[in-house]
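Notes for the one structure printed next.
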Amino acid sequence: MSLGYVTGMPRIFSGIQPSGELHIGNLLGAVQNWVTLQAQYECFYCVVDLHALTGAGYDPQRLAQRTREMAGGLLGAGIDPSRVTLFVQSHVPEHATLMWLLNTVAPLGELERMTQFKDKSQDMESIPAGLLNYPILMAADILLYRADMVPVGEDQIQHLELAREICRRWTARFAPERPVFPEPKPLLTAAKRIMGLDGDAKMSKSLGNTIGVTDTPEEIWQKLRPAKTDPARKTKKDPGTPEICNIFALHRHFSPPATVDEVAVKCRGALWGCLDCKRVLADNMTAALAPVRARTLDLAAHPAQVDEILGDGAQAARRVAGDTIREVQDAMGFLPAPARVETRA
Ligand code: TYM
């Protein structure tokens with residue numbers, strides 16, 4: 001039973017790590033979809049700073065600034081705080097409370113099978129439990145708001161499947177007759193996996209293969225110039241195969257359809273070299289990102305505005321989260337806290 005029950009609108013939850021600024025991978029893979037969905041659904045969007053503590057890039061000196069920057073990036077990308085609840089995960093302590101409660105039913109074997117856990121832990125001498133338990137916190141994020149749908153990129157699908165499994169296990173054990181949570185479904189976009197400029201792996205801040213939404217036109221060009229293309233094109237005269245070229249994939253997201261067609265013809269016919277193709281992409285990308293860049297930079301100059309939006313968001317989120325936690329604790333048989341004790345997590 002989500003608030004959708006009250007408003008008649010299905011509910012959406014999604015999160016993003018404050019791993020630096022928004023890049024075109026998470027913009028195209030998830031955040032543009034968040035913007036579209038805000039017109040049709042009741043949306044909760046969260047900067048997941050607790051998750052960021054498990055990442056290699058975590059630095060206590062920079063966490064607060066990065067969190068604010070990411071919130072500014074989301075607002076710059078078009079997230080409208082008058083329509084959605086935008087907040088920071090650690091401002092709603094119920095996330096950590098629910099995580100512990102779900103921890104008691106989460107299957108260890110499944111956690112160990114997660115691709116991201118295996119990738120990130122493989123070179124570690126000592127593996128922190130937080131890295132293993134990361135998907136349980138994701139499950140808590142989603143279930144706390146009783147979200148019906150979760151818009152994500154492809155890399156998060158496995159975590160979402162596990163969240164669904166945790167939801168089923170909790171319900172079977174504690175509330176089989178009267179489920180507290182709907183089973184959340186993933187929502188993918190056409191851009192479910194944006195590759196990095198190295199062409200080898202998904203675009204990701206931790207891999208240093210990104211284009212940021214606030215990059216200058218010159219920075220965009222300097223990053224695109226050496227970016228990987230179709231390996232068969234050793235010289236300008238070799239005909240290319242646009243379908244396997246990451247630059248062509250990016251044209252599809254940033255260039256008008258007529259340009260995409262022209263690029264394909266000129267690549268196949270060796271009428272353009274890769275640099276010509278990249279120059280056109282750089283110009284179209286710069287133009288497409290210009291409004292996002294301008295809004296994001298403006299918000300970066302007004303941090304108090306961002307903090308106020310996040311404060312309102314946290315208040316709204318806590319109201320919903322508190323109701324869920326009370327129902328969960330009832331179902332799990334806790335002694336209710338005495339009335340004079342504030343029952344905050
Ligand atoms: P994060 O911060 O890595 O990414 C945020 C969103 O962007 C998508 N994404 C991409 N999509 C396509 N191509 C790419 N190269 C690319 N890079 C990122 C991600 O799939 C994601 O949707 N664990 C999550 C955050 C999270 C969350 C949640 C998401 C925490 N709790 C609950 C959904 C529901 C993460 O690290 O995303």
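Lettering and numbering for the structure tokens are positional, with chains as A, B, ... in the shown order, residues counted from 1 in each chain, and ligands counted from 1 in the shown order.
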
### Message
Give me the residues near Leu250 (chain A) as a PyMOL selection string, where near means some atom within 10 Å (using only C-alpha atoms) and where sequence neighbours in that chain fewer than 2 positions away do not count.
### Response
chain A and resi 24+191+194-195+245-248+252-255+260+278+281-282+285

Would you mind exporting C-alpha atoms of the selected residues as a compact mmCIF listing (two decimals), in the first residue's frame?
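Result written to part-v6.txt:
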# COMPACT_ATOMS: atom_id res chain seq x y z
CA ILE A 24 26.00 11.60 -19.23
CA ALA A 191 19.89 4.12 -22.83
CA ILE A 194 26.02 4.00 -21.72
CA MET A 195 29.58 2.92 -22.39
CA CYS A 245 30.95 2.35 -32.56
CA ASN A 246 30.39 4.05 -29.22
CA ILE A 247 30.59 7.51 -30.82
CA PHE A 248 27.71 6.56 -33.09
CA ARG A 252 21.83 8.60 -31.26
CA HIS A 253 21.32 10.31 -27.90
CA PHE A 254 22.54 13.80 -28.74
CA SER A 255 22.11 14.42 -32.49
CA VAL A 260 22.36 10.28 -37.15
CA LYS A 278 33.40 13.40 -33.19
CA LEU A 281 28.97 15.00 -31.81
CA ALA A 282 30.88 17.44 -29.59
CA MET A 285 26.36 17.36 -27.09

Please identify all protein, DNA and RNA residues within 9 Å of ligand 1, counting only C-alpha atoms and all ligand atoms, and report them as a compact mmCIF listing (two decimals) with C-alpha atoms, in the first residue's frame.
# COMPACT_ATOMS: atom_id res chain seq x y z
CA PHE A 13 11.71 5.54 -5.92
CA SER A 14 15.23 5.86 -7.23
CA GLY A 15 18.66 6.80 -5.92
CA ILE A 16 22.00 8.06 -7.11
CA GLN A 17 25.38 8.11 -5.39
CA PRO A 18 27.10 11.42 -4.66
CA SER A 19 30.14 10.19 -6.54
CA LEU A 22 26.24 13.99 -12.75
CA HIS A 23 27.67 12.44 -15.94
CA ILE A 24 26.00 11.60 -19.23
CA GLY A 25 25.87 7.88 -18.28
CA ASN A 26 23.59 8.39 -15.29
CA LEU A 27 21.85 11.31 -17.01
CA LEU A 28 20.79 9.25 -20.03
CA GLY A 29 20.54 5.92 -18.23
CA ALA A 30 18.38 7.10 -15.35
CA VAL A 31 17.94 10.79 -14.54
CA TYR A 45 14.45 10.70 -5.53
CA CYS A 46 17.35 10.27 -3.17
CA VAL A 47 21.06 11.12 -3.06
CA VAL A 48 22.37 7.96 -1.43
CA ASP A 49 25.26 9.16 0.70
CA LEU A 50 25.19 6.05 2.95
CA HIS A 51 25.87 3.87 -0.09
CA ALA A 52 28.77 6.13 -1.08
CA GLN A 89 19.44 9.34 2.41
CA TYR A 134 24.96 -2.76 -0.03
CA PRO A 135 21.93 -4.29 -1.84
CA LEU A 137 20.29 -0.92 1.96
CA MET A 138 18.95 -0.51 -1.58
CA ALA A 139 16.04 -2.78 -0.72
CA ALA A 140 15.39 -0.67 2.38
CA ASP A 141 15.44 2.53 0.32
CA ILE A 142 12.82 1.22 -2.05
CA VAL A 150 12.22 1.81 -9.72
CA PRO A 151 13.82 3.53 -12.75
CA VAL A 152 17.46 2.40 -13.07
CA GLY A 153 20.17 1.63 -15.59
CA GLU A 154 21.00 -1.96 -16.45
CA ASP A 155 23.84 -2.23 -13.92
CA GLN A 156 21.34 -2.02 -11.05
CA ILE A 157 18.92 -4.69 -12.28
CA HIS A 159 20.39 -5.49 -7.13
CA LEU A 160 16.75 -4.81 -7.83
CA ALA A 163 15.43 -6.35 -3.41
CA PRO A 186 12.40 -2.10 -12.53
CA LEU A 188 14.67 0.68 -17.90
CA THR A 189 15.29 3.36 -20.51
CA ALA A 191 19.89 4.12 -22.83
CA LYS A 192 20.14 1.34 -20.27
CA ARG A 193 23.93 1.04 -20.59
CA ILE A 194 26.02 4.00 -21.72
CA MET A 195 29.58 2.92 -22.39
CA GLY A 196 32.54 4.96 -21.19
CA ALA A 201 33.25 -0.59 -19.66
CA LYS A 202 30.10 1.28 -18.65
CA MET A 203 30.55 4.98 -18.12
CA SER A 204 31.38 5.46 -14.46
CA LYS A 205 33.02 8.15 -12.38
CA THR A 210 32.92 10.08 -18.14

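Residues in contact with Ile79 (chain A) at 8 Å, where only C-alpha atoms are counted and same-chain residues fewer than 2 positions away are skipped, are listed as Trp34, Val35, Gln38, Leu74, Leu75, Gly76, Ala77, Pro81 and Val84 of chain A.
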
#### Entry: Backbone-only DSSP, alpha helix (DSSP H) members of region 18-163 of chain A, as JSON, numbers by chain
{"A": [24, 25, 26, 32, 33, 34, 35, 36, 37, 49, 50, 51, 52, 60, 61, 62, 63, 64, 65, 66, 67, 68, 69, 70, 71, 72, 73, 74, 75, 76, 94, 95, 96, 97, 98, 99, 100, 101, 102, 103, 108, 109, 110, 111, 112, 113, 115, 116, 117, 118, 119, 120, 121, 129, 130, 131, 132, 133, 134, 135, 136, 137, 138, 139, 140, 141, 142, 143, 144, 157, 158, 159, 160, 161, 162, 163]}

### Message
Can you tell me which residues surround Val92 (chain A) at a distance of at most 12 Å, considering only C-alpha atoms, apart from same-chain residues fewer than 6 positions away, and format the answer as a ChimeraX atom specification?
### Response
/A:46-50,86,98,140-141,144-145,310-322,325,344-345

### Query
Which residues come within 9 Å of Ala175 (chain A), counting only C-alpha atoms, excluding same-chain residues fewer than 3 positions away, as a PyMOL selection string?
chain A and resi 170-172+178-180+328+331-332

### Message
I need the residues in region 28-205 of chain A that are strand (DSSP E) according to DSSP; give them as a VMD selection string.
### Response
chain A and resid 42 to 47 85 to 88 149 to 151 185 to 187

Write the residues of the selection above to a file with C-alpha atoms, as a compact mmCIF listing (two decimals), in the first residue's frame.
# COMPACT_ATOMS: atom_id res chain seq x y z
CA GLU A 42 4.49 10.27 -7.18
CA CYS A 43 8.29 10.28 -7.09
CA PHE A 44 10.92 9.99 -4.35
CA TYR A 45 14.45 10.70 -5.53
CA CYS A 46 17.35 10.27 -3.17
CA VAL A 47 21.06 11.12 -3.06
CA THR A 85 10.41 14.57 -2.98
CA LEU A 86 14.15 15.09 -3.41
CA PHE A 87 16.24 14.30 -0.35
CA VAL A 88 19.47 12.92 1.10
CA MET A 149 8.50 1.08 -9.73
CA VAL A 150 12.22 1.81 -9.72
CA PRO A 151 13.82 3.53 -12.75
CA LYS A 185 9.42 -3.45 -10.57
CA PRO A 186 12.40 -2.10 -12.53
CA LEU A 187 11.94 0.52 -15.25

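Proximity to Glu161 (chain A) was assessed for A:Asp215, A:Glu21, A:Asp298, A:Glu110 counting only C-alpha atoms; the smallest distance is recorded for A:Glu110.
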
### Query
For Leu275 (chain A), which of A:Ala56, A:Ala337, A:Val263, A:Leu143 is the closest residue, counting only C-alpha atoms?
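Among the listed residues, the smallest separation from Leu275 (chain A) belongs to A:Val263.
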
### Query
Contacts of Thr235 (chain A) at 12 Å or less, counting only C-alpha atoms, minus same-chain residues fewer than 2 places along, as a list of chain:residue names?
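With the cut-off at 12 Å, the set is A:Thr229, A:Asp230, A:Pro231, A:Ala232, A:Arg233, A:Lys237, A:Asp238, A:Pro239, A:Gly240, A:Cys267, A:Ala270, A:Leu271, A:Trp272, A:Gly273, A:Cys274, A:Leu275.
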
### Query
In Å, with one decimal, what is the gap from CA of Met114 (chain A) to CA of Asn133 (chain A)?
10.3 Å

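Minimum distance to Gly130 (chain A) across A:Gln222, A:Gln116, A:Thr54, A:Ser90 (counting only C-alpha atoms) occurs at A:Thr54.
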
### Query
What is the distance, in Å and to one decimal place, between CA of Glu308 (chain A) and CA of Ser82 (chain A)?
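Going from CA of Glu308 (chain A) over to CA of Ser82 (chain A), I get 12.5 Å.
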
### Query
Taking only C-alpha atoms into account, which of A:Pro93, A:Asp261, A:Lys234, A:Val213 comes nearest Ala290 (chain A)?
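Of the candidates, the smallest distance to Ala290 (chain A) is held by A:Val213.
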